[in-house]
Amino acid sequence: MANVLIIDDDVEMCMMLADLAESIKHQSEFTHTLTDGLNRALTGNFDLIFLDVKMPDGNGLEILQRIKAIPYPPEVIIITGAGDSDGAEIAIKNGAWDYLQKPLSPKNIILPLTRVLQYRDGLKKSEKPPFLLNREGIIGDSPKIRECLTTMAQAANTDVNVFISGETGTGKELFARAIHRNSRRSENPFIVVDCAALPETLVESTLFGHEKGAFTGADQSKEGLIRQAHGGTLFLDEVGELSPKLQKAFLRVLQERRFRPVGSKNEIKSDFRLIAATNRELDQMVDKQMFRKDFLYRLKSICIKLPPLRERLGDIKDLAVYLTDKIFTHHHIDPKGYSPDFITALGQYEWPGNIRELVNTLEATISQALYEPILFPKHLPEPIRIKMAQSTLPHAPSTTHFAITKPPGDHPDSLPSFKRFRDASLASAESRYFSKLMELTRGNIKQSCLISGLSRTRLYTLLKKHGIDRTGWSQKNRS
């Protein structure tokens, strides 16, 4: 017997759904507000929740994530009187079983109701052995991280391709290694292919290997990275950087698990598990014909989208403790304490560089306070301290962007300080520079780093800071 909760302000709808559930021998209860419905969902033991969207005290979609974050969460069927495609997308992406539009009749609700309860009954009867997940280095217990860990555990129990997406610095390689470490292939190699750093003149040799004498300088045979991954995992990092030619070559390798080394007449096999990662929006690149659609479909068997740090700030304290301990150990520094407002300050910053930026910040902070026993906000870099100071001010229109439109002699009070003028001018100049850089290199990060003299991480951070799309040059040229 299953337990059904109905959250809807329409009394007749509640009665109809309750009667329907009880007619097939299941228990039901209902409530007419989101607040009461969420409280019951969090404290009860429900198998299924019917959730209305437009409620007197809010939107049902707003509590969907909290419901799905419950340990062993119930299934949720969204019911709405004003369905729309955006609402359906939000519902499904946040874990809803189905999205149904009113008016509902017993005839069109009985099938999804029966299917959900059959599924739940099957879960209860299955004797799935407990899976102890080795999550070394993956810190945090926020709902979004727990969701990623659940998908990671599912991936580790299979051998299908895994696609990991997320901003720079969110831990894509960390998750890839964790999938390998928890899989049946854990005793075999984990081979990383940095797609952005493959040498253009030796790409095929690096990946597929070569025979002796295949080209000038090939004085002996060499095994390629794909063959080295035999029995283990092949990790394609920054897969969005692969050229169309290599995408086509990899597509065949993924289909056949066979390839021919450079200079060889014979094909060889490699039994590897593929994990690919990128910080780029490959669906948009497909639309712009910059990435092969068939290759992307092959990559996306199981998808894990890692949240940026700004969306999991509840993990900041645990991350800070873990990372500072690692820094103390690595640099042979005596452990330090930290004031409560130190953690508060970390939680008020948006972290455009994500966990990678947090690591660099903590290293700089510890260096700043090298001989002091406690970390205070004053030890943090200036941008974070500024953000903390600004958070105490009432919201007001920004005065960061301004223009000097009249002679300063006419209106002396309107002239900004030199520092503000300089900072705004510098920001504008930086934005123009990086826009031109992306146009000049056609979005090629490797070439952009060579021209600008910046590291990949710093370049990505500045592009994000100024809101510059690395593929924006293609739109500009079409206009």
# chains A, B, ... in the order shown; residues from 1 in each chain; ligands from 1

$ residues_around --residues "His26 (chain A)" --least-positions-apart "4" --cutoff "6 Å" --atoms "only C-alpha atoms" --output "JSON, numbers by chain"
{"A": [1, 2, 21, 22]}

$ write_last_selection --atoms "all heavy atoms" --output "mmCIF file, in the first residue's frame"
data_model
loop_
_atom_site.group_PDB
_atom_site.id
_atom_site.type_symbol
_atom_site.label_atom_id
_atom_site.label_comp_id
_atom_site.auth_asym_id
_atom_site.auth_seq_id
_atom_site.Cartn_x
_atom_site.Cartn_y
_atom_site.Cartn_z
ATOM 1 N N MET A 1 0.848 -1.193 0.000
ATOM 2 C CA MET A 1 0.000 0.000 0.000
ATOM 3 C C MET A 1 0.884 1.243 0.000
ATOM 4 O O MET A 1 1.815 1.369 0.790
ATOM 5 C CB MET A 1 -0.915 0.024 1.220
ATOM 6 C CG MET A 1 -1.816 1.254 1.282
ATOM 7 S SD MET A 1 -2.865 1.266 2.748
ATOM 8 C CE MET A 1 -3.937 -0.121 2.399
ATOM 9 N N ALA A 2 0.588 2.178 -0.930
ATOM 10 C CA ALA A 2 1.400 3.389 -1.071
ATOM 11 C C ALA A 2 0.707 4.566 -0.388
ATOM 12 O O ALA A 2 -0.502 4.568 -0.153
ATOM 13 C CB ALA A 2 1.621 3.692 -2.546
ATOM 14 N N ALA A 21 -7.015 7.401 -5.640
ATOM 15 C CA ALA A 21 -5.943 6.645 -4.989
ATOM 16 C C ALA A 21 -6.514 5.574 -4.068
ATOM 17 O O ALA A 21 -6.048 4.423 -4.055
ATOM 18 C CB ALA A 21 -5.037 7.595 -4.204
ATOM 19 N N GLU A 22 -7.552 5.937 -3.314
ATOM 20 C CA GLU A 22 -8.130 4.980 -2.368
ATOM 21 C C GLU A 22 -8.900 3.871 -3.076
ATOM 22 O O GLU A 22 -9.019 2.751 -2.553
ATOM 23 C CB GLU A 22 -9.028 5.724 -1.386
ATOM 24 C CG GLU A 22 -8.209 6.610 -0.439
ATOM 25 C CD GLU A 22 -9.068 7.548 0.398
ATOM 26 O OE1 GLU A 22 -10.305 7.414 0.339
ATOM 27 O OE2 GLU A 22 -8.488 8.410 1.092
#

$ residues_around --residues "Met13 (chain A)" --least-positions-apart "3" --cutoff "12 Å" --atoms "only C-alpha atoms" --output "PDB file with all heavy atoms, in the first residue's frame"
ATOM      1  N   ILE A   6      -1.612  15.059  -1.791  1.00  0.00           N
ATOM      2  CA  ILE A   6      -2.115  15.967  -2.825  1.00  0.00           C
ATOM      3  C   ILE A   6      -2.002  17.394  -2.295  1.00  0.00           C
ATOM      4  O   ILE A   6      -2.544  17.713  -1.226  1.00  0.00           O
ATOM      5  CB  ILE A   6      -3.581  15.650  -3.183  1.00  0.00           C
ATOM      6  CG1 ILE A   6      -3.705  14.194  -3.639  1.00  0.00           C
ATOM      7  CG2 ILE A   6      -4.086  16.586  -4.269  1.00  0.00           C
ATOM      8  CD1 ILE A   6      -4.976  13.523  -3.219  1.00  0.00           C
ATOM      9  N   ILE A   7      -1.268  18.241  -3.018  1.00  0.00           N
ATOM     10  CA  ILE A   7      -1.093  19.651  -2.629  1.00  0.00           C
ATOM     11  C   ILE A   7      -1.763  20.492  -3.707  1.00  0.00           C
ATOM     12  O   ILE A   7      -1.215  20.705  -4.789  1.00  0.00           O
ATOM     13  CB  ILE A   7       0.405  20.017  -2.502  1.00  0.00           C
ATOM     14  CG1 ILE A   7       1.127  19.056  -1.556  1.00  0.00           C
ATOM     15  CG2 ILE A   7       0.565  21.451  -2.031  1.00  0.00           C
ATOM     16  CD1 ILE A   7       2.640  19.276  -1.485  1.00  0.00           C
ATOM     17  N   ASP A   8      -2.977  20.970  -3.419  1.00  0.00           N
ATOM     18  CA  ASP A   8      -3.765  21.705  -4.415  1.00  0.00           C
ATOM     19  C   ASP A   8      -4.807  22.536  -3.670  1.00  0.00           C
ATOM     20  O   ASP A   8      -5.414  22.050  -2.700  1.00  0.00           O
ATOM     21  CB  ASP A   8      -4.440  20.722  -5.383  1.00  0.00           C
ATOM     22  CG  ASP A   8      -4.945  21.395  -6.652  1.00  0.00           C
ATOM     23  OD1 ASP A   8      -5.387  22.554  -6.573  1.00  0.00           O
ATOM     24  OD2 ASP A   8      -4.896  20.758  -7.719  1.00  0.00           O
ATOM     25  N   ASP A   9      -5.029  23.773  -4.107  1.00  0.00           N
ATOM     26  CA  ASP A   9      -6.033  24.616  -3.447  1.00  0.00           C
ATOM     27  C   ASP A   9      -7.436  24.367  -4.004  1.00  0.00           C
ATOM     28  O   ASP A   9      -8.416  24.954  -3.526  1.00  0.00           O
ATOM     29  CB  ASP A   9      -5.668  26.095  -3.586  1.00  0.00           C
ATOM     30  CG  ASP A   9      -5.576  26.552  -5.038  1.00  0.00           C
ATOM     31  OD1 ASP A   9      -5.283  25.699  -5.910  1.00  0.00           O
ATOM     32  OD2 ASP A   9      -5.776  27.747  -5.307  1.00  0.00           O
ATOM     33  N   ASP A  10      -7.555  23.515  -5.005  1.00  0.00           N
ATOM     34  CA  ASP A  10      -8.855  23.156  -5.581  1.00  0.00           C
ATOM     35  C   ASP A  10      -9.401  21.953  -4.805  1.00  0.00           C
ATOM     36  O   ASP A  10      -8.918  20.825  -4.945  1.00  0.00           O
ATOM     37  CB  ASP A  10      -8.676  22.811  -7.066  1.00  0.00           C
ATOM     38  CG  ASP A  10      -9.995  22.518  -7.774  1.00  0.00           C
ATOM     39  OD1 ASP A  10     -10.964  22.121  -7.092  1.00  0.00           O
ATOM     40  OD2 ASP A  10     -10.051  22.657  -9.001  1.00  0.00           O
ATOM     41  N   MET A  16     -11.162  14.323  -5.812  1.00  0.00           N
ATOM     42  CA  MET A  16     -11.146  13.380  -6.931  1.00  0.00           C
ATOM     43  C   MET A  16      -9.888  12.514  -6.901  1.00  0.00           C
ATOM     44  O   MET A  16      -9.947  11.288  -7.042  1.00  0.00           O
ATOM     45  CB  MET A  16     -11.234  14.136  -8.266  1.00  0.00           C
ATOM     46  CG  MET A  16     -11.346  13.214  -9.489  1.00  0.00           C
ATOM     47  SD  MET A  16      -9.755  12.750 -10.224  1.00  0.00           S
ATOM     48  CE  MET A  16      -9.345  14.264 -11.084  1.00  0.00           C
ATOM     49  N   LEU A  17      -8.716  13.145  -6.684  1.00  0.00           N
ATOM     50  CA  LEU A  17      -7.459  12.397  -6.664  1.00  0.00           C
ATOM     51  C   LEU A  17      -7.383  11.467  -5.451  1.00  0.00           C
ATOM     52  O   LEU A  17      -6.887  10.338  -5.546  1.00  0.00           O
ATOM     53  CB  LEU A  17      -6.270  13.366  -6.664  1.00  0.00           C
ATOM     54  CG  LEU A  17      -6.064  14.177  -7.953  1.00  0.00           C
ATOM     55  CD1 LEU A  17      -4.965  15.223  -7.754  1.00  0.00           C
ATOM     56  CD2 LEU A  17      -5.713  13.262  -9.118  1.00  0.00           C
ATOM     57  N   ALA A  18      -7.885  11.945  -4.309  1.00  0.00           N
ATOM     58  CA  ALA A  18      -7.880  11.111  -3.103  1.00  0.00           C
ATOM     59  C   ALA A  18      -8.768   9.884  -3.292  1.00  0.00           C
ATOM     60  O   ALA A  18      -8.381   8.751  -2.944  1.00  0.00           O
ATOM     61  CB  ALA A  18      -8.342  11.931  -1.903  1.00  0.00           C
ATOM     62  N   ASP A  19      -9.970  10.091  -3.832  1.00  0.00           N
ATOM     63  CA  ASP A  19     -10.881   8.963  -4.075  1.00  0.00           C
ATOM     64  C   ASP A  19     -10.266   7.974  -5.062  1.00  0.00           C
ATOM     65  O   ASP A  19     -10.394   6.753  -4.903  1.00  0.00           O
ATOM     66  CB  ASP A  19     -12.222   9.467  -4.623  1.00  0.00           C
ATOM     67  CG  ASP A  19     -13.029  10.206  -3.569  1.00  0.00           C
ATOM     68  OD1 ASP A  19     -12.711  10.038  -2.370  1.00  0.00           O
ATOM     69  OD2 ASP A  19     -13.967  10.938  -3.943  1.00  0.00           O
ATOM     70  N   LEU A  20      -9.564   8.509  -6.088  1.00  0.00           N
ATOM     71  CA  LEU A  20      -8.961   7.657  -7.101  1.00  0.00           C
ATOM     72  C   LEU A  20      -7.868   6.784  -6.482  1.00  0.00           C
ATOM     73  O   LEU A  20      -7.793   5.580  -6.741  1.00  0.00           O
ATOM     74  CB  LEU A  20      -8.391   8.516  -8.225  1.00  0.00           C
ATOM     75  CG  LEU A  20      -7.953   7.798  -9.503  1.00  0.00           C
ATOM     76  CD1 LEU A  20      -9.125   7.051 -10.128  1.00  0.00           C
ATOM     77  CD2 LEU A  20      -7.361   8.792 -10.489  1.00  0.00           C
ATOM     78  N   PHE A  30      -4.612  15.261   1.765  1.00  0.00           N
ATOM     79  CA  PHE A  30      -4.402  16.455   0.932  1.00  0.00           C
ATOM     80  C   PHE A  30      -4.322  17.705   1.796  1.00  0.00           C
ATOM     81  O   PHE A  30      -4.729  17.730   2.961  1.00  0.00           O
ATOM     82  CB  PHE A  30      -5.507  16.600  -0.128  1.00  0.00           C
ATOM     83  CG  PHE A  30      -6.907  16.535   0.408  1.00  0.00           C
ATOM     84  CD1 PHE A  30      -7.509  17.645   0.975  1.00  0.00           C
ATOM     85  CD2 PHE A  30      -7.642  15.353   0.319  1.00  0.00           C
ATOM     86  CE1 PHE A  30      -8.801  17.578   1.453  1.00  0.00           C
ATOM     87  CE2 PHE A  30      -8.942  15.283   0.790  1.00  0.00           C
ATOM     88  CZ  PHE A  30      -9.527  16.405   1.368  1.00  0.00           C
ATOM     89  N   THR A  31      -3.767  18.765   1.189  1.00  0.00           N
ATOM     90  CA  THR A  31      -3.634  20.055   1.839  1.00  0.00           C
ATOM     91  C   THR A  31      -3.790  21.134   0.778  1.00  0.00           C
ATOM     92  O   THR A  31      -3.580  20.878  -0.421  1.00  0.00           O
ATOM     93  CB  THR A  31      -2.274  20.179   2.539  1.00  0.00           C
ATOM     94  OG1 THR A  31      -2.168  21.459   3.144  1.00  0.00           O
ATOM     95  CG2 THR A  31      -1.122  20.015   1.550  1.00  0.00           C
ATOM     96  N   HIS A  32      -4.146  22.354   1.235  1.00  0.00           N
ATOM     97  CA  HIS A  32      -4.472  23.415   0.276  1.00  0.00           C
ATOM     98  C   HIS A  32      -3.465  24.558   0.258  1.00  0.00           C
ATOM     99  O   HIS A  32      -3.710  25.588  -0.375  1.00  0.00           O
ATOM    100  CB  HIS A  32      -5.872  23.968   0.584  1.00  0.00           C
ATOM    101  CG  HIS A  32      -6.937  22.911   0.596  1.00  0.00           C
ATOM    102  ND1 HIS A  32      -7.099  22.007  -0.424  1.00  0.00           N
ATOM    103  CD2 HIS A  32      -7.878  22.598   1.531  1.00  0.00           C
ATOM    104  CE1 HIS A  32      -8.105  21.195  -0.139  1.00  0.00           C
ATOM    105  NE2 HIS A  32      -8.589  21.521   1.054  1.00  0.00           N
ATOM    106  N   PHE A  50       1.049  14.719  -5.710  1.00  0.00           N
ATOM    107  CA  PHE A  50       0.456  15.544  -6.755  1.00  0.00           C
ATOM    108  C   PHE A  50       0.640  16.999  -6.323  1.00  0.00           C
ATOM    109  O   PHE A  50       0.184  17.382  -5.246  1.00  0.00           O
ATOM    110  CB  PHE A  50      -1.039  15.234  -6.932  1.00  0.00           C
ATOM    111  CG  PHE A  50      -1.313  13.944  -7.646  1.00  0.00           C
ATOM    112  CD1 PHE A  50      -1.670  12.798  -6.940  1.00  0.00           C
ATOM    113  CD2 PHE A  50      -1.217  13.871  -9.025  1.00  0.00           C
ATOM    114  CE1 PHE A  50      -1.931  11.609  -7.589  1.00  0.00           C
ATOM    115  CE2 PHE A  50      -1.482  12.674  -9.687  1.00  0.00           C
ATOM    116  CZ  PHE A  50      -1.838  11.540  -8.969  1.00  0.00           C
ATOM    117  N   LEU A  51       1.299  17.799  -7.146  1.00  0.00           N
ATOM    118  CA  LEU A  51       1.663  19.166  -6.756  1.00  0.00           C
ATOM    119  C   LEU A  51       1.131  20.161  -7.766  1.00  0.00           C
ATOM    120  O   LEU A  51       1.509  20.143  -8.944  1.00  0.00           O
ATOM    121  CB  LEU A  51       3.190  19.277  -6.645  1.00  0.00           C
ATOM    122  CG  LEU A  51       3.778  20.650  -6.325  1.00  0.00           C
ATOM    123  CD1 LEU A  51       3.279  21.161  -4.971  1.00  0.00           C
ATOM    124  CD2 LEU A  51       5.305  20.588  -6.332  1.00  0.00           C
ATOM    125  N   ASP A  52       0.242  21.047  -7.310  1.00  0.00           N
ATOM    126  CA  ASP A  52      -0.284  22.106  -8.172  1.00  0.00           C
ATOM    127  C   ASP A  52       0.760  23.217  -8.307  1.00  0.00           C
ATOM    128  O   ASP A  52       1.601  23.409  -7.422  1.00  0.00           O
ATOM    129  CB  ASP A  52      -1.582  22.657  -7.572  1.00  0.00           C
ATOM    130  CG  ASP A  52      -2.327  23.569  -8.541  1.00  0.00           C
ATOM    131  OD1 ASP A  52      -1.989  23.566  -9.741  1.00  0.00           O
ATOM    132  OD2 ASP A  52      -3.233  24.299  -8.094  1.00  0.00           O
ATOM    133  N   ILE A  79       0.643  19.141 -11.527  1.00  0.00           N
ATOM    134  CA  ILE A  79      -0.647  19.378 -12.168  1.00  0.00           C
ATOM    135  C   ILE A  79      -0.865  20.883 -12.218  1.00  0.00           C
ATOM    136  O   ILE A  79      -0.620  21.596 -11.243  1.00  0.00           O
ATOM    137  CB  ILE A  79      -1.797  18.678 -11.414  1.00  0.00           C
ATOM    138  CG1 ILE A  79      -1.762  19.002  -9.916  1.00  0.00           C
ATOM    139  CG2 ILE A  79      -1.725  17.180 -11.624  1.00  0.00           C
ATOM    140  CD1 ILE A  79      -2.902  18.391  -9.131  1.00  0.00           C
ATOM    141  N   THR A  80      -1.289  21.400 -13.359  1.00  0.00           N
ATOM    142  CA  THR A  80      -1.420  22.844 -13.512  1.00  0.00           C
ATOM    143  C   THR A  80      -2.583  23.189 -14.429  1.00  0.00           C
ATOM    144  O   THR A  80      -2.895  22.444 -15.365  1.00  0.00           O
ATOM    145  CB  THR A  80      -0.123  23.456 -14.079  1.00  0.00           C
ATOM    146  OG1 THR A  80      -0.304  24.851 -14.312  1.00  0.00           O
ATOM    147  CG2 THR A  80       0.281  22.783 -15.384  1.00  0.00           C
ATOM    148  N   GLY A  81      -3.195  24.303 -14.134  1.00  0.00           N
ATOM    149  CA  GLY A  81      -4.290  24.778 -14.975  1.00  0.00           C
ATOM    150  C   GLY A  81      -3.798  25.621 -16.129  1.00  0.00           C
ATOM    151  O   GLY A  81      -4.556  25.950 -17.040  1.00  0.00           O
ATOM    152  N   LYS A 102      -4.518  20.581 -16.308  1.00  0.00           N
ATOM    153  CA  LYS A 102      -5.932  20.453 -15.986  1.00  0.00           C
ATOM    154  C   LYS A 102      -6.755  20.908 -17.185  1.00  0.00           C
ATOM    155  O   LYS A 102      -6.271  21.687 -18.015  1.00  0.00           O
ATOM    156  CB  LYS A 102      -6.277  21.325 -14.764  1.00  0.00           C
ATOM    157  CG  LYS A 102      -5.543  20.916 -13.486  1.00  0.00           C
ATOM    158  CD  LYS A 102      -5.888  21.892 -12.357  1.00  0.00           C
ATOM    159  CE  LYS A 102      -5.166  21.544 -11.072  1.00  0.00           C
ATOM    160  NZ  LYS A 102      -5.470  22.499  -9.989  1.00  0.00           N
ATOM    161  N   PRO A 103      -8.015  20.505 -17.293  1.00  0.00           N
ATOM    162  CA  PRO A 103      -8.749  19.652 -16.341  1.00  0.00           C
ATOM    163  C   PRO A 103      -8.334  18.187 -16.459  1.00  0.00           C
ATOM    164  O   PRO A 103      -8.030  17.701 -17.552  1.00  0.00           O
ATOM    165  CB  PRO A 103     -10.209  19.841 -16.757  1.00  0.00           C
ATOM    166  CG  PRO A 103     -10.135  20.180 -18.213  1.00  0.00           C
ATOM    167  CD  PRO A 103      -8.874  20.970 -18.397  1.00  0.00           C
ATOM    168  N   LEU A 104      -8.287  17.530 -15.311  1.00  0.00           N
ATOM    169  CA  LEU A 104      -7.927  16.116 -15.251  1.00  0.00           C
ATOM    170  C   LEU A 104      -9.179  15.293 -14.954  1.00  0.00           C
ATOM    171  O   LEU A 104     -10.012  15.698 -14.151  1.00  0.00           O
ATOM    172  CB  LEU A 104      -6.887  15.877 -14.160  1.00  0.00           C
ATOM    173  CG  LEU A 104      -5.538  16.596 -14.314  1.00  0.00           C
ATOM    174  CD1 LEU A 104      -4.694  16.369 -13.078  1.00  0.00           C
ATOM    175  CD2 LEU A 104      -4.809  16.122 -15.561  1.00  0.00           C
ATOM    176  N   SER A 105      -9.265  14.160 -15.603  1.00  0.00           N
ATOM    177  CA  SER A 105     -10.371  13.238 -15.323  1.00  0.00           C
ATOM    178  C   SER A 105      -9.768  11.936 -14.799  1.00  0.00           C
ATOM    179  O   SER A 105      -8.586  11.663 -15.011  1.00  0.00           O
ATOM    180  CB  SER A 105     -11.165  12.961 -16.617  1.00  0.00           C
ATOM    181  OG  SER A 105     -10.343  12.261 -17.532  1.00  0.00           O
ATOM    182  N   PRO A 106     -10.554  11.132 -14.091  1.00  0.00           N
ATOM    183  CA  PRO A 106     -10.032   9.838 -13.619  1.00  0.00           C
ATOM    184  C   PRO A 106      -9.416   9.017 -14.742  1.00  0.00           C
ATOM    185  O   PRO A 106      -8.421   8.315 -14.544  1.00  0.00           O
ATOM    186  CB  PRO A 106     -11.275   9.159 -13.032  1.00  0.00           C
ATOM    187  CG  PRO A 106     -12.145  10.302 -12.592  1.00  0.00           C
ATOM    188  CD  PRO A 106     -11.934  11.379 -13.628  1.00  0.00           C
ATOM    189  N   ILE A 109      -5.809  10.276 -15.556  1.00  0.00           N
ATOM    190  CA  ILE A 109      -4.856  10.308 -14.444  1.00  0.00           C
ATOM    191  C   ILE A 109      -4.532   8.908 -13.936  1.00  0.00           C
ATOM    192  O   ILE A 109      -3.500   8.686 -13.291  1.00  0.00           O
ATOM    193  CB  ILE A 109      -5.398  11.178 -13.277  1.00  0.00           C
ATOM    194  CG1 ILE A 109      -4.259  11.566 -12.316  1.00  0.00           C
ATOM    195  CG2 ILE A 109      -6.479  10.442 -12.519  1.00  0.00           C
ATOM    196  CD1 ILE A 109      -3.206  12.416 -12.918  1.00  0.00           C
TER     197      ILE A 109
END

$ select_by_dssp --residues "region 83-138 of chain A" --states "strand (DSSP E)" --output "JSON, numbers by chain"
{"A": [98, 99, 100, 101]}

$ closest_residue --among "A:Leu380, A:Leu437, A:Leu309, A:Ile386" --to "Ser142 (chain A)" --atoms "only C-alpha atoms"
A:Leu309

$ residues_around --residues "Ile164 (chain A)" --least-positions-apart "6" --cutoff "9 Å" --atoms "only C-alpha atoms" --output "PyMOL selection string"
chain A and resi 172-173+175-176+275-279+300+302-306

$ residues_around --residues "Asp341 (chain A)" --least-positions-apart "6" --cutoff "12 Å" --atoms "only C-alpha atoms" --output "PyMOL selection string"
chain A and resi 317+347-348+374-380+385+388-389

$ write_last_selection --atoms "C-alpha atoms" --output "short mmCIF file (atom, residue, chain, number, x, y, z; two decimals), in the first residue's frame"
data_model
loop_
_atom_site.label_atom_id
_atom_site.label_comp_id
_atom_site.auth_asym_id
_atom_site.auth_seq_id
_atom_site.Cartn_x
_atom_site.Cartn_y
_atom_site.Cartn_z
CA LYS A 317 32.48 26.02 5.40
CA GLY A 347 29.94 32.94 1.57
CA GLN A 348 29.23 36.49 0.37
CA ILE A 374 43.67 32.86 13.40
CA LEU A 375 42.34 33.78 9.96
CA PHE A 376 40.23 36.95 9.85
CA PRO A 377 38.41 38.65 6.94
CA LYS A 378 41.22 41.25 6.86
CA HIS A 379 43.54 38.53 5.55
CA LEU A 380 41.33 37.91 2.50
CA ARG A 385 36.50 42.18 1.49
CA MET A 388 31.54 41.81 2.30
CA ALA A 389 31.50 45.57 2.96
#

$ atom_distance --atom1 "CA of Pro381 (chain A)" --atom2 "CA of Ala429 (chain A)"
23.2 Å

$ atom_distance --atom1 "CA of Glu281 (chain A)" --atom2 "CA of Asn161 (chain A)"
18.2 Å
